[in-house]
>>> print(open('model.tsv').read())   # TSV, C-alpha atoms
chain	number	residue	atom	x	y	z
G	188	MET	CA	9.65	-0.04	-23.62
G	189	SER	CA	9.49	3.15	-21.60
G	190	ILE	CA	6.81	3.42	-18.87
G	191	ASN	CA	4.16	6.05	-19.67
G	192	ASP	CA	0.54	6.85	-18.77
G	193	ASP	CA	-2.15	4.35	-19.78
G	194	MET	CA	0.20	1.39	-19.45
G	195	VAL	CA	-0.27	-1.64	-17.21
G	196	VAL	CA	2.98	-2.08	-15.30
G	197	GLN	CA	4.05	-5.19	-13.39
G	198	PHE	CA	6.83	-5.01	-10.82
G	199	ASN	CA	8.37	-6.68	-7.79
G	200	TYR	CA	9.40	-4.67	-4.75
G	201	THR	CA	11.09	-4.85	-1.40
G	202	LEU	CA	10.20	-2.16	1.15
G	203	ARG	CA	12.81	-1.13	3.71
G	204	ASP	CA	12.68	1.20	6.71
G	205	GLU	CA	15.13	3.93	7.72
G	206	LYS	CA	17.58	1.34	9.12
G	207	GLY	CA	17.45	-0.81	5.98
G	208	ASP	CA	15.36	-3.55	7.60
G	209	VAL	CA	12.92	-5.29	5.24
G	210	LEU	CA	9.31	-4.44	6.10
G	211	GLU	CA	7.64	-6.31	3.23
G	212	THR	CA	8.32	-7.79	-0.18
G	213	ASN	CA	6.46	-9.57	-2.92
G	214	GLU	CA	9.52	-11.54	-4.07
G	215	GLY	CA	8.47	-15.13	-4.72
G	216	HIS	CA	4.85	-14.06	-5.27
G	217	ASP	CA	2.88	-12.61	-8.18
G	218	PRO	CA	4.10	-9.18	-9.28
G	219	ILE	CA	2.12	-6.05	-8.47
G	220	ALA	CA	0.16	-4.73	-11.47
G	221	TYR	CA	-1.25	-1.22	-11.75
G	222	LEU	CA	-2.47	1.24	-14.37
G	223	HIS	CA	0.19	3.94	-14.66
G	224	GLY	CA	-1.02	7.55	-14.58
G	225	HIS	CA	-4.36	6.82	-12.88
G	226	ASP	CA	-3.48	7.35	-9.19
G	227	ASN	CA	-3.45	3.58	-8.51
G	228	MET	CA	-0.02	3.65	-6.90
G	229	MET	CA	1.71	5.71	-4.21
G	230	PRO	CA	2.65	9.03	-5.85
G	231	GLY	CA	6.37	8.69	-5.17
G	232	VAL	CA	6.55	5.11	-6.46
G	233	GLU	CA	4.64	5.98	-9.63
G	234	LYS	CA	6.80	9.06	-10.21
G	235	SER	CA	9.97	6.98	-9.78
G	236	ILE	CA	8.76	4.39	-12.33
G	237	ALA	CA	7.73	6.93	-14.99
G	238	GLY	CA	10.07	6.88	-17.99
G	239	LYS	CA	11.97	3.79	-16.82
G	240	GLU	CA	12.39	0.70	-19.02
G	241	VAL	CA	11.09	-2.84	-18.51
G	242	GLY	CA	13.90	-4.89	-16.96
G	243	GLU	CA	15.31	-2.01	-14.92
G	244	LYS	CA	16.07	-2.48	-11.23
G	245	PHE	CA	16.43	0.58	-9.05
G	246	THR	CA	16.18	1.86	-5.49
G	247	VAL	CA	14.30	4.97	-4.43
G	248	THR	CA	13.97	6.54	-0.98
G	249	LEU	CA	10.77	8.51	-0.52
G	250	PRO	CA	9.47	10.92	2.12
G	251	ALA	CA	6.26	10.09	3.99
G	252	ALA	CA	4.25	12.60	1.94
G	253	GLU	CA	4.87	10.49	-1.20
G	254	THR	CA	4.03	7.11	0.34
G	255	TYR	CA	1.66	6.53	3.29
G	256	GLY	CA	1.38	10.20	4.26
G	257	GLU	CA	2.37	12.20	7.30
G	258	ARG	CA	1.20	11.07	10.73
G	259	ASN	CA	-1.87	12.81	12.08
G	260	GLU	CA	-1.50	12.86	15.87
G	261	ASP	CA	-5.26	13.46	16.26
G	262	ALA	CA	-6.20	10.31	14.35
G	263	GLU	CA	-7.53	8.24	17.24
G	264	GLN	CA	-11.09	6.91	17.29
G	265	ARG	CA	-13.18	4.83	19.67
G	266	VAL	CA	-14.76	1.76	18.10
G	267	SER	CA	-16.66	-1.24	19.35
G	268	VAL	CA	-14.32	-4.17	20.01
G	269	LYS	CA	-16.67	-6.37	17.95
G	270	HIS	CA	-15.66	-4.38	14.83
G	271	LEU	CA	-11.96	-5.26	15.20
G	272	GLN	CA	-10.91	-8.13	12.92
G	273	GLY	CA	-7.82	-10.29	13.20
G	274	ALA	CA	-7.69	-11.63	16.77
G	275	LYS	CA	-9.94	-12.78	19.60
G	276	VAL	CA	-8.09	-10.98	22.41
G	277	TRP	CA	-6.80	-7.43	21.83
G	278	LYS	CA	-3.84	-5.68	23.45
G	279	PRO	CA	-2.31	-2.23	22.84
G	280	GLY	CA	0.08	-2.21	19.89
G	281	MET	CA	-1.74	-4.94	17.97
G	282	ARG	CA	-2.92	-4.25	14.42
G	283	ALA	CA	-6.51	-4.86	13.42
G	284	LEU	CA	-8.69	-4.49	10.35
G	285	ILE	CA	-11.93	-2.53	10.45
G	286	ASN	CA	-14.51	-2.01	7.72
G	287	THR	CA	-15.12	1.60	6.71
G	288	ASP	CA	-17.13	3.35	4.00
G	289	GLN	CA	-13.90	3.36	1.93
G	290	GLY	CA	-13.27	-0.39	2.44
G	291	GLN	CA	-11.08	-2.23	4.93
G	292	ARG	CA	-8.53	-0.20	6.87
G	293	GLN	CA	-5.64	-1.29	9.05
G	294	VAL	CA	-5.55	0.34	12.49
G	295	THR	CA	-3.36	0.03	15.58
G	296	VAL	CA	-4.98	-0.67	18.95
G	297	VAL	CA	-4.02	2.03	21.47
G	298	LYS	CA	-6.23	1.12	24.44
G	299	VAL	CA	-8.81	-1.63	24.89
G	300	GLY	CA	-11.70	-2.08	27.29
G	301	LYS	CA	-14.37	-4.75	27.58
G	302	PHE	CA	-16.62	-3.26	24.88
G	303	MET	CA	-14.74	-0.34	23.29
G	304	ALA	CA	-11.24	0.18	21.94
G	305	THR	CA	-9.27	3.29	21.05
G	306	VAL	CA	-7.50	2.83	17.72
G	307	ASP	CA	-4.97	4.88	15.78
G	308	VAL	CA	-6.24	5.14	12.20
G	309	ASN	CA	-2.91	6.33	10.76
G	310	HIS	CA	-1.36	3.76	8.45
G	311	PRO	CA	1.33	1.95	10.48
G	312	LEU	CA	4.00	3.31	8.11
G	313	ALA	CA	2.70	6.90	8.03
G	314	GLY	CA	5.28	9.57	8.81
G	315	ARG	CA	8.26	7.41	7.83
G	316	GLU	CA	10.87	7.75	5.11
G	317	LEU	CA	10.80	4.48	3.17
G	318	THR	CA	13.10	2.85	0.62
G	319	PHE	CA	11.77	0.74	-2.25
G	320	ASP	CA	13.87	-1.71	-4.28
G	321	ILE	CA	11.90	-2.06	-7.52
G	322	GLU	CA	12.29	-4.41	-10.48
G	323	LEU	CA	10.18	-3.59	-13.54
G	324	LEU	CA	9.09	-6.93	-15.00
G	325	ASN	CA	6.58	-6.09	-17.70
G	326	ALA	CA	4.57	-3.26	-19.26
G	327	ARG	CA	1.90	-3.16	-21.93
G	328	GLU	CA	-0.59	-0.70	-23.34
G	329	ALA	CA	-3.79	-0.75	-21.27
G	330	THR	CA	-7.01	-1.92	-22.87
G	331	ALA	CA	-9.86	0.54	-23.42
G	332	GLU	CA	-11.78	-1.29	-20.67
G	333	GLU	CA	-8.91	-0.90	-18.18
G	334	ILE	CA	-8.66	2.82	-18.95
G	335	ALA	CA	-12.44	3.22	-18.60
G	336	HIS	CA	-12.41	1.35	-15.26
G	337	GLY	CA	-9.29	3.20	-14.08
G	338	HIS	CA	-7.32	0.10	-13.03
G	339	ALA	CA	-5.39	-2.89	-14.35
G	340	HIS	CA	-7.20	-6.18	-14.89
G	341	GLY	CA	-5.84	-9.72	-14.64
G	342	LYS	CA	-3.05	-11.29	-12.60
G	343	GLY	CA	-1.73	-8.84	-10.01
G	344	GLY	CA	-4.44	-6.29	-10.85
G	345	HIS	CA	-8.17	-6.03	-10.20
G	346	GLN	CA	-10.31	-9.14	-10.66
G	347	HIS	CA	-13.91	-8.69	-11.77
>>> encode(input="model.tsv", output="structure tokens")
Amino acid sequence: MSINDDMVVQFNYTLRDEKGDVLETNEGHDPIAYLHGHDNMMPGVEKSIAGKEVGEKFTVTLPAAETYGERNEDAEQRVSVKHLQGAKVWKPGMRALINTDQGQRQVTVVKVGKFMATVDVNHPLAGRELTFDIELLNAREATAEEIAHGHAHGKGGHQH
């Protein structure tokens, strides 16, 4: 079955940096599920999956613009230390979660004081060329409800 728009696709991946070091993987965990053609996946990953067949394994190296985006050097903000989630004591270089109007966002602590911290809001992998090893495990036609909601439901997808 060839991957096309309005299909729920399940896959495993391993993400590698420019040196080939593994940054993350979902091997040994539930597969990722997304609704193809609905901007639910990084543009470069979705484009690389389009037209492939279930069972295929492939590797694709993508520029920053097609994954986490280019780095914005002016993307520092001052926030109250009490809004940083993930540790009790903060030091420069640590990653934290903050709640925003668009949901949780991962930030990197640049400088920390007693009450305020300067954080870099770029994604930690922004500006980097990344390589994905992908294994397409399953694909099916999306339900009318999934298409209306704009995302995959069930295991590996969105839970209502």
>>> closest_residue(input="model.tsv", among="G:Glu263, G:Asp288, G:Glu322, G:Glu333", to="Ile219 of chain G", atoms="only C-alpha atoms")
G:Glu322
>>> closest_residue(input="model.tsv", among="G:Val308, G:Leu284, G:Leu202, G:Val195", to="Glu214 of chain G", atoms="only C-alpha atoms")
G:Leu202
>>> closest_residue(input="model.tsv", among="G:Lys298, G:Gly207, G:Gln197, G:Phe319", to="Gly242 of chain G", atoms="all atoms listed in the file")
G:Gln197
>>> residues_around(input="model.tsv", residues="Lys206 of chain G", least_positions_apart="6", cutoff="12 Å", atoms="all atoms listed in the file", output="list in words")
Thr248, Arg315, Glu316, Leu317 and Thr318 of chain G
>>> atom_distance(input="model.tsv", atom1="atom CA of His310 of chain G", atom2="atom CA of Ala237 of chain G")
25.3 Å
>>> closest_residue(input="model.tsv", among="G:Val241, G:Ala304, G:Ile334, G:Leu249", to="Met229 of chain G", atoms="all atoms listed in the file")
G:Leu249
>>> atom_distance(input="model.tsv", atom1="atom CA of His225 of chain G", atom2="atom CA of Gly337 of chain G")
6.2 Å
>>> atom_distance(input="model.tsv", atom1="atom CA of His223 of chain G", atom2="atom CA of Glu240 of chain G")
13.4 Å
>>> residues_around(input="model.tsv", residues="Asn286 of chain G", least_positions_apart="4", cutoff="10 Å", atoms="all atoms listed in the file", output="VMD selection string")
chain G and resid 270 to 272 290 to 293
>>> residues_around(input="model.tsv", residues="Tyr221 of chain G", least_positions_apart="3", cutoff="12 Å", atoms="all atoms listed in the file", output="MDAnalysis selection string")
chainID G and resid 190 192:199 218 224:229 232:233 236 323 325:329 333:334 336:345
>>> residues_around(input="model.tsv", residues="Ala262 of chain G", least_positions_apart="4", cutoff="10 Å", atoms="all atoms listed in the file", output="PyMOL selection string")
chain G and resi 258+306-309
>>> closest_residue(input="model.tsv", among="G:Trp277, G:Asn191, G:Gly256, G:Glu211", to="Val297 of chain G", atoms="all atoms listed in the file")
G:Trp277
>>> closest_residue(input="model.tsv", among="G:Val296, G:Asp208, G:Ser267, G:Leu324", to="Arg282 of chain G", atoms="all atoms listed in the file")
G:Val296
>>> build_atoms(input="model.tsv", residues="segment 224-235 of chain G", atoms="all heavy atoms", output="short mmCIF file (atom, residue, chain, number, x, y, z; two decimals), keeping the file's coordinate frame")
data_model
loop_
_atom_site.label_atom_id
_atom_site.label_comp_id
_atom_site.auth_asym_id
_atom_site.auth_seq_id
_atom_site.Cartn_x
_atom_site.Cartn_y
_atom_site.Cartn_z
N GLY G 224 -0.44 6.25 -14.26
CA GLY G 224 -1.02 7.55 -14.58
C GLY G 224 -2.46 7.71 -14.13
O GLY G 224 -3.12 8.69 -14.49
N HIS G 225 -2.97 6.77 -13.31
CA HIS G 225 -4.36 6.82 -12.88
C HIS G 225 -4.50 6.80 -11.36
O HIS G 225 -5.52 6.36 -10.83
CB HIS G 225 -5.15 5.66 -13.51
CG HIS G 225 -5.34 5.84 -14.98
ND1 HIS G 225 -6.51 6.30 -15.53
CD2 HIS G 225 -4.48 5.65 -16.02
CE1 HIS G 225 -6.38 6.37 -16.85
NE2 HIS G 225 -5.15 5.99 -17.17
N ASP G 226 -3.46 7.25 -10.66
CA ASP G 226 -3.48 7.35 -9.19
C ASP G 226 -3.78 6.01 -8.51
O ASP G 226 -4.46 5.96 -7.50
CB ASP G 226 -4.48 8.41 -8.71
CG ASP G 226 -4.11 9.80 -9.20
OD1 ASP G 226 -2.91 10.10 -9.27
OD2 ASP G 226 -5.03 10.58 -9.53
N ASN G 227 -3.27 4.91 -9.09
CA ASN G 227 -3.45 3.58 -8.51
C ASN G 227 -2.25 3.15 -7.67
O ASN G 227 -2.24 2.03 -7.15
CB ASN G 227 -3.65 2.53 -9.60
CG ASN G 227 -4.94 2.69 -10.37
OD1 ASN G 227 -5.10 2.06 -11.39
ND2 ASN G 227 -5.86 3.50 -9.90
N MET G 228 -1.26 4.00 -7.58
CA MET G 228 -0.02 3.65 -6.90
C MET G 228 0.39 4.85 -6.06
O MET G 228 0.00 5.97 -6.34
CB MET G 228 1.05 3.34 -7.96
CG MET G 228 2.37 2.85 -7.44
SD MET G 228 2.30 1.44 -6.34
CE MET G 228 1.40 0.24 -7.29
N MET G 229 1.19 4.60 -5.02
CA MET G 229 1.71 5.71 -4.21
C MET G 229 2.37 6.72 -5.16
O MET G 229 3.09 6.33 -6.07
CB MET G 229 2.77 5.20 -3.24
CG MET G 229 2.25 4.34 -2.17
SD MET G 229 3.66 3.77 -1.20
CE MET G 229 2.93 2.32 -0.50
N PRO G 230 2.12 8.01 -4.93
CA PRO G 230 2.65 9.03 -5.85
C PRO G 230 4.16 8.93 -6.07
O PRO G 230 4.62 9.03 -7.21
CB PRO G 230 2.28 10.35 -5.19
CG PRO G 230 1.17 10.04 -4.25
CD PRO G 230 1.34 8.61 -3.84
N GLY G 231 4.92 8.74 -5.02
CA GLY G 231 6.37 8.69 -5.17
C GLY G 231 6.85 7.46 -5.93
O GLY G 231 7.81 7.53 -6.71
N VAL G 232 6.18 6.33 -5.73
CA VAL G 232 6.55 5.11 -6.46
C VAL G 232 6.23 5.29 -7.93
O VAL G 232 7.05 5.01 -8.81
CB VAL G 232 5.83 3.87 -5.86
CG1 VAL G 232 6.05 2.65 -6.73
CG2 VAL G 232 6.33 3.61 -4.44
N GLU G 233 5.03 5.78 -8.23
CA GLU G 233 4.64 5.98 -9.63
C GLU G 233 5.58 6.96 -10.32
O GLU G 233 6.02 6.73 -11.45
CB GLU G 233 3.20 6.46 -9.71
CG GLU G 233 2.69 6.53 -11.14
CD GLU G 233 1.19 6.74 -11.22
OE1 GLU G 233 0.68 7.69 -10.57
OE2 GLU G 233 0.54 5.97 -11.94
N LYS G 234 5.90 8.06 -9.63
CA LYS G 234 6.80 9.06 -10.21
C LYS G 234 8.18 8.46 -10.49
O LYS G 234 8.80 8.75 -11.50
CB LYS G 234 6.91 10.26 -9.25
CG LYS G 234 7.62 11.45 -9.83
CD LYS G 234 7.50 12.73 -9.01
CE LYS G 234 7.51 12.54 -7.53
NZ LYS G 234 7.57 13.78 -6.76
N SER G 235 8.65 7.59 -9.60
CA SER G 235 9.97 6.98 -9.78
C SER G 235 9.99 5.98 -10.94
O SER G 235 11.04 5.76 -11.55
CB SER G 235 10.45 6.32 -8.49
OG SER G 235 9.74 5.12 -8.25
#
